[in-house]
Structures are given as C-alpha cells and as structure tokens.
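This is protein.tsv. It holds TSV, C-alpha atoms.
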```
chain	number	residue	atom	x	y	z
A	1	MET	CA	-8.53	-24.05	-8.50
A	2	SER	CA	-11.12	-24.91	-11.15
A	3	ILE	CA	-14.86	-24.38	-11.13
A	4	ASP	CA	-17.76	-26.63	-12.05
A	5	SER	CA	-19.06	-26.42	-15.59
A	6	ASP	CA	-22.49	-25.27	-14.46
A	7	SER	CA	-21.09	-22.33	-12.51
A	8	LYS	CA	-19.01	-20.57	-15.17
A	9	LYS	CA	-19.19	-16.85	-14.58
A	10	ARG	CA	-18.17	-13.65	-16.30
A	11	VAL	CA	-15.22	-11.90	-14.69
A	12	VAL	CA	-13.57	-8.56	-15.44
A	13	VAL	CA	-9.78	-8.59	-15.10
A	14	GLY	CA	-7.89	-5.40	-14.32
A	15	MET	CA	-5.19	-5.33	-17.03
A	16	SER	CA	-2.14	-3.23	-16.15
A	17	GLY	CA	-0.05	-4.27	-19.14
A	18	GLY	CA	2.23	-6.36	-16.93
A	19	VAL	CA	2.92	-10.07	-16.77
A	20	ASP	CA	0.87	-10.69	-13.62
A	21	SER	CA	-2.46	-9.36	-14.86
A	22	SER	CA	-1.82	-11.05	-18.22
A	23	ALA	CA	-1.22	-14.40	-16.52
A	24	ALA	CA	-4.28	-13.89	-14.31
A	25	ALA	CA	-6.49	-13.49	-17.38
A	26	ALA	CA	-4.96	-16.58	-19.01
A	27	VAL	CA	-5.48	-18.69	-15.87
A	28	LEU	CA	-9.14	-17.66	-15.63
A	29	ILE	CA	-9.73	-18.54	-19.29
A	30	GLU	CA	-8.18	-21.94	-18.68
A	31	GLN	CA	-10.53	-22.39	-15.73
A	32	GLY	CA	-13.49	-21.68	-17.98
A	33	TYR	CA	-14.46	-18.17	-16.96
A	34	ASP	CA	-15.92	-15.69	-19.43
A	35	VAL	CA	-13.16	-13.07	-19.23
A	36	ILE	CA	-13.20	-9.37	-20.11
A	37	GLY	CA	-10.10	-7.17	-19.85
A	38	ILE	CA	-10.18	-3.59	-18.61
A	39	THR	CA	-7.41	-1.04	-18.17
A	40	LEU	CA	-8.19	1.93	-15.95
A	41	LYS	CA	-6.54	5.03	-17.38
A	42	LEU	CA	-5.64	6.83	-14.20
A	43	TRP	CA	-3.14	9.56	-14.98
A	44	PRO	CA	-4.69	12.64	-16.67
A	45	GLN	CA	-1.53	14.09	-18.19
A	46	ASP	CA	0.41	13.00	-21.26
A	47	CYS	CA	2.15	9.80	-20.19
A	48	VAL	CA	4.75	9.87	-22.96
A	49	SER	CA	7.07	11.99	-20.81
A	50	ARG	CA	7.00	9.36	-18.07
A	51	ALA	CA	8.30	5.79	-18.07
A	52	GLU	CA	6.39	3.99	-20.78
A	53	ASP	CA	5.76	0.86	-18.75
A	54	LYS	CA	3.98	2.61	-15.90
A	55	CYS	CA	0.25	2.16	-15.41
A	56	CYS	CA	-1.86	3.86	-18.08
A	57	GLY	CA	1.27	4.79	-20.04
A	58	PRO	CA	1.05	4.23	-23.80
A	59	GLN	CA	3.23	1.10	-23.68
A	60	ALA	CA	1.17	-0.40	-20.85
A	61	VAL	CA	-2.06	0.15	-22.76
A	62	MET	CA	-0.57	-1.33	-25.94
A	63	ASP	CA	0.61	-4.39	-24.01
A	64	ALA	CA	-2.75	-4.90	-22.30
A	65	ARG	CA	-4.58	-4.57	-25.62
A	66	SER	CA	-2.15	-6.97	-27.31
A	67	VAL	CA	-2.58	-9.57	-24.54
A	68	SER	CA	-6.37	-9.31	-24.73
A	69	SER	CA	-6.24	-9.77	-28.49
A	70	LYS	CA	-3.97	-12.80	-28.16
A	71	LEU	CA	-6.29	-14.32	-25.56
A	72	LYS	CA	-9.32	-13.45	-27.72
A	73	ILE	CA	-11.16	-11.57	-24.97
A	74	PRO	CA	-12.97	-8.22	-25.14
A	75	TYR	CA	-10.90	-5.26	-23.97
A	76	TYR	CA	-11.87	-1.80	-22.73
A	77	LEU	CA	-9.84	1.27	-21.79
A	78	VAL	CA	-11.72	3.29	-19.17
A	79	ASP	CA	-10.81	6.85	-18.16
A	80	GLU	CA	-10.84	7.17	-14.37
A	81	SER	CA	-8.38	10.06	-14.20
A	82	GLU	CA	-10.68	12.43	-12.32
A	83	ASP	CA	-11.25	9.95	-9.49
A	84	PHE	CA	-7.56	9.10	-9.41
A	85	GLN	CA	-6.71	12.77	-9.07
A	86	SER	CA	-9.18	13.37	-6.24
A	87	GLN	CA	-8.92	10.10	-4.33
A	88	VAL	CA	-5.29	9.10	-4.72
A	89	ILE	CA	-3.07	11.98	-5.84
A	90	GLN	CA	-4.76	14.58	-3.64
A	91	TYR	CA	-4.61	12.15	-0.71
A	92	PHE	CA	-0.90	11.66	-1.45
A	93	ALA	CA	-0.26	15.41	-1.29
A	94	ASP	CA	-2.49	16.03	1.74
A	95	GLU	CA	-0.76	13.32	3.77
A	96	TYR	CA	2.67	14.81	3.14
A	97	LYS	CA	1.40	18.27	4.08
A	98	ALA	CA	0.10	16.84	7.35
A	99	GLY	CA	3.52	15.41	8.19
A	100	ARG	CA	2.61	11.83	7.32
A	101	THR	CA	4.10	9.48	4.74
A	102	PRO	CA	1.31	8.10	2.53
A	103	ASN	CA	0.87	4.72	0.89
A	104	PRO	CA	-0.99	5.52	-2.34
A	105	CYS	CA	-1.03	1.89	-3.52
A	106	VAL	CA	-3.33	0.81	-0.68
A	107	MET	CA	-5.64	3.74	-1.36
A	108	CYS	CA	-5.66	3.11	-5.11
A	109	ASN	CA	-6.56	-0.54	-4.54
A	110	GLU	CA	-9.42	0.31	-2.23
A	111	LYS	CA	-10.91	3.22	-4.16
A	112	LEU	CA	-10.18	2.41	-7.81
A	113	LYS	CA	-8.60	-0.93	-8.70
A	114	PHE	CA	-11.34	-2.74	-6.82
A	115	GLY	CA	-13.98	-0.15	-5.88
A	116	THR	CA	-14.37	1.34	-9.36
A	117	LEU	CA	-13.61	-1.92	-11.15
A	118	ILE	CA	-16.59	-3.73	-9.60
A	119	ASP	CA	-18.89	-0.93	-10.79
A	120	ARG	CA	-17.53	-1.22	-14.33
A	121	ALA	CA	-17.82	-5.00	-14.17
A	122	ARG	CA	-21.50	-4.85	-13.29
A	123	GLN	CA	-22.10	-2.54	-16.23
A	124	LEU	CA	-20.70	-5.34	-18.39
A	125	GLY	CA	-22.86	-8.01	-16.79
A	126	ALA	CA	-20.12	-9.42	-14.54
A	127	ASP	CA	-20.34	-9.97	-10.80
A	128	LEU	CA	-16.68	-10.85	-10.32
A	129	ILE	CA	-13.42	-8.95	-10.72
A	130	ALA	CA	-9.85	-10.24	-10.74
A	131	THR	CA	-6.33	-8.84	-10.62
A	132	GLY	CA	-2.81	-10.20	-10.73
A	133	HIS	CA	-2.15	-9.67	-7.02
A	134	TYR	CA	-0.36	-12.43	-5.13
A	135	ALA	CA	-2.92	-13.02	-2.38
A	136	ARG	CA	-5.76	-15.45	-1.65
A	137	VAL	CA	-9.43	-15.06	-0.75
A	138	HIS	CA	-11.47	-17.89	0.78
A	139	PRO	CA	-14.77	-18.12	2.68
A	140	ASN	CA	-14.63	-19.03	6.37
A	141	GLU	CA	-16.05	-22.34	7.60
A	142	ASP	CA	-19.69	-21.28	7.67
A	143	GLY	CA	-19.44	-19.00	4.63
A	144	SER	CA	-20.47	-15.93	6.59
A	145	ARG	CA	-17.28	-13.96	5.88
A	146	MET	CA	-14.50	-13.92	3.32
A	147	LEU	CA	-10.94	-14.33	4.53
A	148	LEU	CA	-7.85	-12.70	3.05
A	149	LYS	CA	-4.61	-14.68	3.13
A	150	ARG	CA	-1.03	-14.18	2.04
A	151	GLY	CA	-0.02	-15.36	-1.42
A	152	LEU	CA	1.81	-18.68	-1.34
A	153	ASP	CA	4.89	-17.06	-2.92
A	154	GLY	CA	6.27	-15.29	0.13
A	155	ARG	CA	8.64	-13.22	-2.00
A	156	LYS	CA	5.75	-11.70	-3.95
A	157	ASP	CA	2.95	-11.68	-1.38
A	158	GLN	CA	0.88	-8.48	-1.79
A	159	SER	CA	-1.72	-8.96	0.93
A	160	TYR	CA	-0.24	-5.94	2.75
A	161	PHE	CA	-1.72	-3.65	0.09
A	162	LEU	CA	-5.18	-5.24	0.37
A	163	PHE	CA	-5.96	-5.05	4.10
A	164	SER	CA	-8.49	-2.23	3.67
A	165	LEU	CA	-10.78	-4.21	1.33
A	166	ARG	CA	-14.13	-4.78	2.99
A	167	GLN	CA	-16.43	-7.77	2.91
A	168	GLU	CA	-18.69	-6.30	0.22
A	169	LEU	CA	-15.70	-6.24	-2.14
A	170	LEU	CA	-13.92	-9.42	-1.02
A	171	ARG	CA	-17.02	-11.45	-1.96
A	172	HIS	CA	-16.56	-10.44	-5.59
A	173	ILE	CA	-12.77	-10.76	-5.99
A	174	LEU	CA	-10.65	-13.50	-7.53
A	175	PHE	CA	-6.86	-13.71	-7.21
A	176	PRO	CA	-5.87	-16.35	-9.80
A	177	LEU	CA	-2.16	-16.05	-8.94
A	178	GLY	CA	-2.56	-16.49	-5.20
A	179	GLU	CA	-1.30	-20.06	-5.24
A	180	LEU	CA	1.35	-19.50	-7.94
A	181	THR	CA	4.92	-18.25	-7.84
A	182	LYS	CA	6.22	-15.42	-10.00
A	183	ASP	CA	8.03	-17.99	-12.13
A	184	ASP	CA	4.75	-19.88	-12.55
A	185	SER	CA	3.06	-16.71	-13.78
A	186	ARG	CA	5.79	-16.02	-16.31
A	187	ASN	CA	5.51	-19.59	-17.55
A	188	VAL	CA	1.74	-19.18	-17.99
A	189	ALA	CA	2.37	-16.07	-20.09
A	190	ARG	CA	5.07	-17.83	-22.12
A	191	ASP	CA	2.85	-20.83	-22.78
A	192	CYS	CA	0.24	-18.43	-24.18
A	193	SER	CA	2.90	-16.53	-26.20
A	194	LEU	CA	2.02	-13.25	-24.49
A	195	ARG	CA	4.32	-10.29	-25.13
A	196	THR	CA	4.42	-9.45	-21.41
A	197	ALA	CA	5.97	-12.78	-20.36
A	198	ASP	CA	9.44	-11.37	-19.76
A	199	LYS	CA	8.47	-7.79	-19.02
A	200	GLU	CA	10.26	-6.26	-16.07
A	201	GLU	CA	8.22	-4.90	-13.18
A	202	SER	CA	8.52	-1.48	-11.57
A	203	MET	CA	8.60	-1.05	-7.79
A	204	GLU	CA	8.20	2.74	-7.85
A	205	ILE	CA	5.02	4.73	-7.23
A	206	CYS	CA	3.35	4.66	-10.62
A	207	PHE	CA	2.67	8.39	-10.95
A	208	VAL	CA	5.97	9.71	-9.54
A	209	PRO	CA	8.73	9.90	-12.19
A	210	ASP	CA	12.11	8.55	-11.02
A	211	ASN	CA	10.67	8.13	-7.51
A	212	ASP	CA	11.24	11.88	-6.97
A	213	TYR	CA	8.15	12.71	-4.93
A	214	LYS	CA	9.43	16.19	-4.01
A	215	GLY	CA	9.81	17.05	-7.67
A	216	PHE	CA	6.40	15.58	-8.43
A	217	LEU	CA	4.64	17.55	-5.68
A	218	THR	CA	6.17	20.85	-6.74
A	219	LYS	CA	5.81	20.40	-10.51
A	220	ALA	CA	2.18	19.32	-10.10
A	221	ASN	CA	1.53	22.40	-7.91
A	222	LEU	CA	0.47	20.15	-5.03
A	223	ALA	CA	3.04	21.62	-2.64
A	224	GLU	CA	5.22	24.69	-2.50
A	225	THR	CA	8.32	25.51	-0.51
A	226	HIS	CA	7.73	27.22	2.84
A	227	GLN	CA	10.50	27.62	5.35
A	228	GLY	CA	10.41	26.35	8.90
A	229	ASP	CA	12.79	25.28	11.61
A	230	ILE	CA	14.78	22.10	11.93
A	231	VAL	CA	15.11	21.53	15.67
A	232	ASP	CA	16.76	18.98	17.91
A	233	VAL	CA	15.03	17.08	20.71
A	234	ASN	CA	15.68	19.97	23.12
A	235	GLY	CA	14.07	22.52	20.80
A	236	THR	CA	17.33	24.10	19.64
A	237	VAL	CA	17.08	25.43	16.09
A	238	LEU	CA	19.73	23.79	13.92
A	239	GLY	CA	18.69	25.02	10.50
A	240	LYS	CA	15.84	25.64	8.09
A	241	HIS	CA	13.74	23.37	5.93
A	242	ASP	CA	11.74	24.13	2.78
A	243	GLY	CA	8.59	22.27	3.83
A	244	ILE	CA	7.85	19.24	6.01
A	245	GLU	CA	6.30	17.61	2.92
A	246	PHE	CA	9.78	16.94	1.62
A	247	TYR	CA	11.02	14.87	4.59
A	248	THR	CA	10.34	11.38	5.91
A	249	ILE	CA	10.85	9.67	9.26
A	250	GLY	CA	14.31	8.10	9.45
A	251	GLN	CA	15.81	10.37	6.78
A	252	ARG	CA	19.48	11.23	7.29
A	253	LYS	CA	20.72	12.68	4.02
A	254	GLY	CA	19.70	16.04	2.62
A	255	LEU	CA	19.03	17.77	5.95
A	256	GLY	CA	21.42	20.62	5.18
A	257	ILE	CA	22.72	20.90	8.74
A	258	SER	CA	26.07	20.07	10.32
A	259	SER	CA	26.50	18.08	13.50
A	260	PRO	CA	29.34	16.16	15.17
A	261	ASN	CA	26.98	13.16	15.36
A	262	PRO	CA	24.66	11.77	12.67
A	263	LEU	CA	21.13	13.17	12.89
A	264	TYR	CA	17.92	11.60	11.63
A	265	VAL	CA	14.38	12.88	11.15
A	266	LEU	CA	12.39	11.76	14.21
A	267	GLU	CA	9.11	13.64	13.80
A	268	LEU	CA	7.33	16.00	11.42
A	269	ASP	CA	5.21	18.57	13.24
A	270	ALA	CA	2.73	20.15	10.82
A	271	GLY	CA	1.25	22.42	13.51
A	272	LYS	CA	4.60	24.00	14.33
A	273	ASN	CA	6.00	23.55	10.81
A	274	GLN	CA	9.04	21.88	12.34
A	275	VAL	CA	11.29	18.98	11.46
A	276	LEU	CA	12.54	17.28	14.64
A	277	VAL	CA	15.91	15.54	14.37
A	278	GLY	CA	17.96	13.44	16.75
A	279	PRO	CA	20.22	10.40	17.14
A	280	VAL	CA	19.41	7.11	15.49
A	281	GLU	CA	18.52	5.49	18.83
A	282	ALA	CA	15.56	7.84	19.17
A	283	LEU	CA	13.99	6.25	16.09
A	284	ASP	CA	13.33	3.04	18.03
A	285	LYS	CA	9.73	2.91	19.26
A	286	GLN	CA	7.61	0.17	20.73
A	287	SER	CA	4.00	1.45	20.76
A	288	PHE	CA	1.72	3.35	18.42
A	289	VAL	CA	-1.92	4.04	17.68
A	290	MET	CA	-3.51	3.13	14.36
A	291	ASP	CA	-6.86	4.40	13.12
A	292	ARG	CA	-9.34	3.73	10.29
A	293	CYS	CA	-9.02	0.04	11.13
A	294	ASN	CA	-10.59	-2.64	8.97
A	295	TRP	CA	-10.99	-6.15	10.40
A	296	ILE	CA	-11.57	-9.05	8.03
A	297	PRO	CA	-12.41	-12.35	9.85
A	298	PHE	CA	-14.62	-10.43	12.31
A	299	GLU	CA	-16.52	-7.15	12.38
A	300	ASN	CA	-14.85	-5.72	15.48
A	301	LEU	CA	-11.74	-6.39	17.52
A	302	ASP	CA	-13.32	-6.86	20.95
A	303	ALA	CA	-10.32	-8.00	22.99
A	304	PRO	CA	-6.51	-7.82	22.86
A	305	VAL	CA	-4.92	-10.18	20.35
A	306	ARG	CA	-1.33	-11.37	19.86
A	307	ALA	CA	-0.26	-11.35	16.24
A	308	VAL	CA	2.48	-10.37	13.81
A	309	VAL	CA	2.37	-6.87	12.36
A	310	LYS	CA	4.06	-5.31	9.34
A	311	ILE	CA	4.59	-1.55	9.68
A	312	ARG	CA	5.59	-1.10	6.02
A	313	TYR	CA	5.49	-3.31	2.95
A	314	ASN	CA	9.12	-4.44	3.08
A	315	HIS	CA	9.08	-4.89	6.87
A	316	PRO	CA	9.72	-8.52	7.90
A	317	GLY	CA	7.05	-8.35	10.59
A	318	CYS	CA	7.30	-8.57	14.37
A	319	GLU	CA	5.18	-9.91	17.19
A	320	ALA	CA	2.82	-7.49	18.88
A	321	THR	CA	-0.25	-7.19	21.07
A	322	ILE	CA	-3.09	-5.23	19.48
A	323	ARG	CA	-5.58	-3.66	21.90
A	324	PRO	CA	-8.87	-2.16	20.69
A	325	ILE	CA	-9.61	1.45	21.63
A	326	ASP	CA	-12.85	1.73	19.70
A	327	ARG	CA	-14.39	0.33	16.51
A	328	TYR	CA	-11.87	1.97	14.21
A	329	THR	CA	-8.88	2.60	16.49
A	330	ALA	CA	-6.36	0.30	18.18
A	331	ARG	CA	-3.12	0.48	20.12
A	332	VAL	CA	-0.20	-1.67	18.98
A	333	ASP	CA	2.45	-2.69	21.51
A	334	LEU	CA	5.40	-4.28	19.74
A	335	HIS	CA	7.21	-7.03	21.62
A	336	THR	CA	10.47	-5.68	20.19
A	337	ALA	CA	11.08	-2.01	19.45
A	338	GLN	CA	11.18	-1.14	15.74
A	339	ARG	CA	12.97	1.64	13.91
A	340	ALA	CA	11.26	4.51	12.06
A	341	ILE	CA	7.60	3.79	12.75
A	342	THR	CA	6.05	6.24	10.32
A	343	PRO	CA	2.67	7.99	10.67
A	344	GLY	CA	0.66	7.62	7.48
A	345	GLN	CA	1.93	4.12	6.69
A	346	ALA	CA	-0.28	1.06	6.95
A	347	CYS	CA	0.07	-1.43	9.79
A	348	VAL	CA	-1.20	-4.86	8.71
A	349	VAL	CA	-1.94	-7.61	11.24
A	350	TYR	CA	-1.33	-11.32	10.54
A	351	GLN	CA	-1.82	-14.65	12.24
A	352	ASP	CA	0.23	-17.06	10.15
A	353	ASP	CA	-1.10	-16.61	6.58
A	354	LEU	CA	-4.37	-15.02	7.67
A	355	VAL	CA	-4.77	-11.25	7.40
A	356	LEU	CA	-6.71	-10.11	10.47
A	357	GLY	CA	-6.87	-6.57	9.14
A	358	GLY	CA	-5.01	-3.39	9.89
A	359	GLY	CA	-5.11	0.37	10.03
A	360	TRP	CA	-3.13	3.52	9.40
A	361	ILE	CA	-0.40	4.53	11.83
A	362	ARG	CA	-1.51	7.77	13.49
A	363	LYS	CA	1.21	8.40	16.07
A	364	THR	CA	3.75	6.70	18.29
A	365	VAL	CA	3.01	6.70	22.00
A	366	ALA	CA	5.07	6.15	25.13
A	367	GLN	CA	4.95	2.66	26.52
A	368	GLU	CA	3.77	2.78	30.10
A	369	GLY	CA	6.63	3.03	32.54
A	370	ASN	CA	9.58	2.08	30.38
A	371	GLU	CA	9.89	4.10	27.20
A	372	LYS	CA	12.35	6.96	27.19
A	373	GLN	CA	11.60	10.24	25.49
A	374	PRO	CA	13.75	11.38	22.53
A	375	SER	CA	15.47	14.06	24.65
A	376	GLU	CA	16.52	11.42	27.23
A	377	ILE	CA	17.96	9.19	24.52
A	378	ALA	CA	19.76	12.15	22.96
A	379	ASN	CA	21.32	13.25	26.22
A	380	GLU	CA	22.47	9.69	26.97
A	381	THR	CA	23.98	9.43	23.50
A	382	LEU	CA	25.89	12.72	23.87
A	383	ALA	CA	27.18	11.63	27.27
A	384	LYS	CA	28.81	8.48	25.89
```
Would you write the structure of this file as structure tokens?
Amino acid sequence: MSIDSDSKKRVVVGMSGGVDSSAAAAVLIEQGYDVIGITLKLWPQDCVSRAEDKCCGPQAVMDARSVSSKLKIPYYLVDESEDFQSQVIQYFADEYKAGRTPNPCVMCNEKLKFGTLIDRARQLGADLIATGHYARVHPNEDGSRMLLKRGLDGRKDQSYFLFSLRQELLRHILFPLGELTKDDSRNVARDCSLRTADKEESMEICFVPDNDYKGFLTKANLAETHQGDIVDVNGTVLGKHDGIEFYTIGQRKGLGISSPNPLYVLELDAGKNQVLVGPVEALDKQSFVMDRCNWIPFENLDAPVRAVVKIRYNHPGCEATIRPIDRYTARVDLHTAQRAITPGQACVVYQDDLVLGGGWIRKTVAQEGNEKQPSEIANETLAK
C-alpha cells in the first residue's frame, strides 16, 4: 500500500537484525517514507554467551547496522535493559512463581517494542513506528477506531502477540509485511542485497538460552528450589517437587513419580505449594475466566459474542461464546473442550480476520451442570 507524495512521513522501524524487520524497512523506503532504524538493546548481560542471533546479541546488532547502512538510513542502538528487566523478565519470573505460565512476547510488545519505541520515535521527530510483524492495522469505516487484523500469510500471522495494543498505539503503527508472505519478505531483502535475506529465525524465548527456562530462572537468581508436594486429584501425596515454577500445565515428563497410569500436571497451586497431577482426560476443560481484557473494535464488550478463540499461539482456534463480567474480565465458554488451558497464557478473540481483543487466562471454571471435576474423571479412568 503506497502513500500520496504530499503525505510522506518519518517512521522509526524496530530493527531486530532479522529478515522481517529488514524487509519492513526496505518496503517503507520504497513507499517513500523517511525511515530511521532503531534496535532496542534489551538484555543487560553479556550476550556473547548466548545464541548470537537472538535479540540484542552482538550478531543481531551487527546485522541491523549493516542493513541500515545498505539501505542508507540512520541507525540507533538504544539501551532499554532496565525496563526490560523490570517489565518483562521480572514479570516472567513472577508469573511462574504464582503458578501461571507467562507469555513474555506479548508483554514485551506492549511495554517495549511499541510502548517505548513510540517515545523514542517522537524524540527523533517521527509520529509513526513500524515492525516486521505479520499483521494488519486499518481504520474502521468512520475512522473513529483502528482495527487489528491477521496477517494475510496464515502460516506467519502474529496478531496473537499484539492483542493488548491499545488505540493510542495502534494509531501510530505500520505493519509493512501484513499483506506479504514470508517468501515475499525474503525476496524483498534479496532484491536489496541485504545480509539478512536468508537468515534463519528463532522460535525460542529470546532471553532464555536453549529454551531452558528452569535453568534461566535459577541462574539469574529469579527463583530458587523449594520443596512441596505432588498430589493426585484426591489429595494423596505422590512425591515431592522442587518448586511450582518449574512445571507447566499438561507436563508429563520429569515429574519424578511412578504410577501404573500416565500422570499429567493439571494445576499449580501457589497457595498450597502443590503440583496437582492426574489422568490426561482431566486436562480437558470447556470454560475459563480471562482478565485484563483489551477490546479493539469497541471500548467495552457489552453483550455475549460468538467468536473463535486461540488459547495459545500455536493453537488452531475453536469456537466459543465470550460473556462479559466487567470492563476488564470475561468468561469464555468453549463449544468444544480443549486440552491444557493454561493460566497466564493469552486468549485472543477473532471474528474471521478481525481481532476483537483478548485477555489473560486467570483460571478454568466448571461449566454449569455438565462439567466433571478432576477427581470424578480420575475415578472413572481407574475404574475402566
């Protein structure tokens, strides 16, 4: 999508050192924007010991600087490590301690990649920011609100990670790759002879080496081992754990207990310092409450709505009815029970390509009149 010659604007592009942000900058230059590249240095420790291609690692910074030089745009490296530590890493640790499984990418997008980036952009005389996310932003019919939509490349759509962005940010965001495929983006980078054109992408949490979050939490002194009970659905103690922080809903391996039937983590009780385990059938739930909701096409959800929800990024989505409880809280009743609904994860609500909004899963709840409790499911399973 091009812009008129009399409306060319300055835009700051968040440069991660990957192919997507590189292609985003190139597309905006082609469209006639006045582009500035910025890399937010987020991790405070020496990045050499971590994978070099992770965000703010030395290789990522070199690649972002090289791309900016090739595209002949100004480039800045900005240290935001203190905010990253307090708003993302501490959140990550606190959620695990509370028995929830966090999604740091959503929080990083909201607080830093967009929240901080717009502040830096304005310091540079820009009123727009852009990233290489595969998503789309458009005004509604009367221009009163901005709408967030899935990226056209369904395999790479990243709208899930953006549901918490509010109107004051959405009005200043461009997603140049929203209507492109991943192959298109690589071709843009190749056409511009950018060194990132064939760079592989990482799917791991950027600040957790080898995806070992237990090792990260302990080595960073964000969690320490503390024993508690592993119990079954009837309260029988089956073994000991070293801290609920080191377990996730649906986990089977690494429990350190023996049983004639496979056992899975069903709940993490921070108050009792217990890990509750049971049969796989007990992981299936149909209703939950989400809080800290953010709605995009409208200010409030005033009535029940039928939609499709994703309860984790790689979830295919399922139909549900979302019922408002209050301004920031809603109940989600899934039309088909889903496995391992995990407190702390984001639930994002869609109608076709439109993102209605979403919230953070607080807890599963019994569905009126027809949902069995874990102990009932366990007893039925043992009786078979």
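Computed from the coordinates, the CA of Asp153 in chain A to CA of Leu177 in chain A distance equals 9.3 Å.
Here CA of Val365 in chain A is placed at a distance of 24.2 Å from CA of Val237 in chain A.
Shell of Val106 in chain A at 6 Å, with all atoms listed in the file counted and residues fewer than 3 places along the chain excluded, is A:Asn103, A:Asn109, A:Phe161.
When all atoms listed in the file are used to compute distances to Cys206 in chain A, the closest of the residues A:Ile257, A:Cys293, A:Leu354, A:Ala60 turns out to be A:Ala60.
For the choices A:Ala26, A:Val308, A:Phe175, A:Ala126, the atom-to-atom distance to Lys8 in chain A is smallest for A:Ala126 when using only C-alpha atoms.
Using all atoms listed in the file, the shortest contact distance between Gln251 in chain A and any of A:Ile296, A:Leu301, A:Ile118, A:Ala340 is found at A:Ala340.
Counting all atoms listed in the file, Val265 in chain A has the following residues at most 7 Å away, ignoring those fewer than 6 positions along the same chain: Thr248, Ile249, Gly250, Gln251, Arg252, Val275, Leu276, Val277 and Gly278 of chain A.
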Please write the residues from the selection above to a file, keeping C-alpha atoms, as a PDB file, keeping the file's coordinate frame.
```
ATOM      1  CA  THR A 248      10.340  11.380   5.910  1.00  0.00           C
ATOM      2  CA  ILE A 249      10.850   9.670   9.260  1.00  0.00           C
ATOM      3  CA  GLY A 250      14.310   8.100   9.450  1.00  0.00           C
ATOM      4  CA  GLN A 251      15.810  10.370   6.780  1.00  0.00           C
ATOM      5  CA  ARG A 252      19.480  11.230   7.290  1.00  0.00           C
ATOM      6  CA  VAL A 275      11.290  18.980  11.460  1.00  0.00           C
ATOM      7  CA  LEU A 276      12.540  17.280  14.640  1.00  0.00           C
ATOM      8  CA  VAL A 277      15.910  15.540  14.370  1.00  0.00           C
ATOM      9  CA  GLY A 278      17.960  13.440  16.750  1.00  0.00           C
TER      10      GLY A 278
END
```
Need to verify the contact set: Ser159 in chain A, 12 Å, only C-alpha atoms, exclusion of same-chain residues closer than 3 positions in sequence. Can you return it as number ranges by chain?
A: 105-106, 109, 132-137, 147-156, 162-165, 175, 178, 310, 312-314, 346-350, 353-358
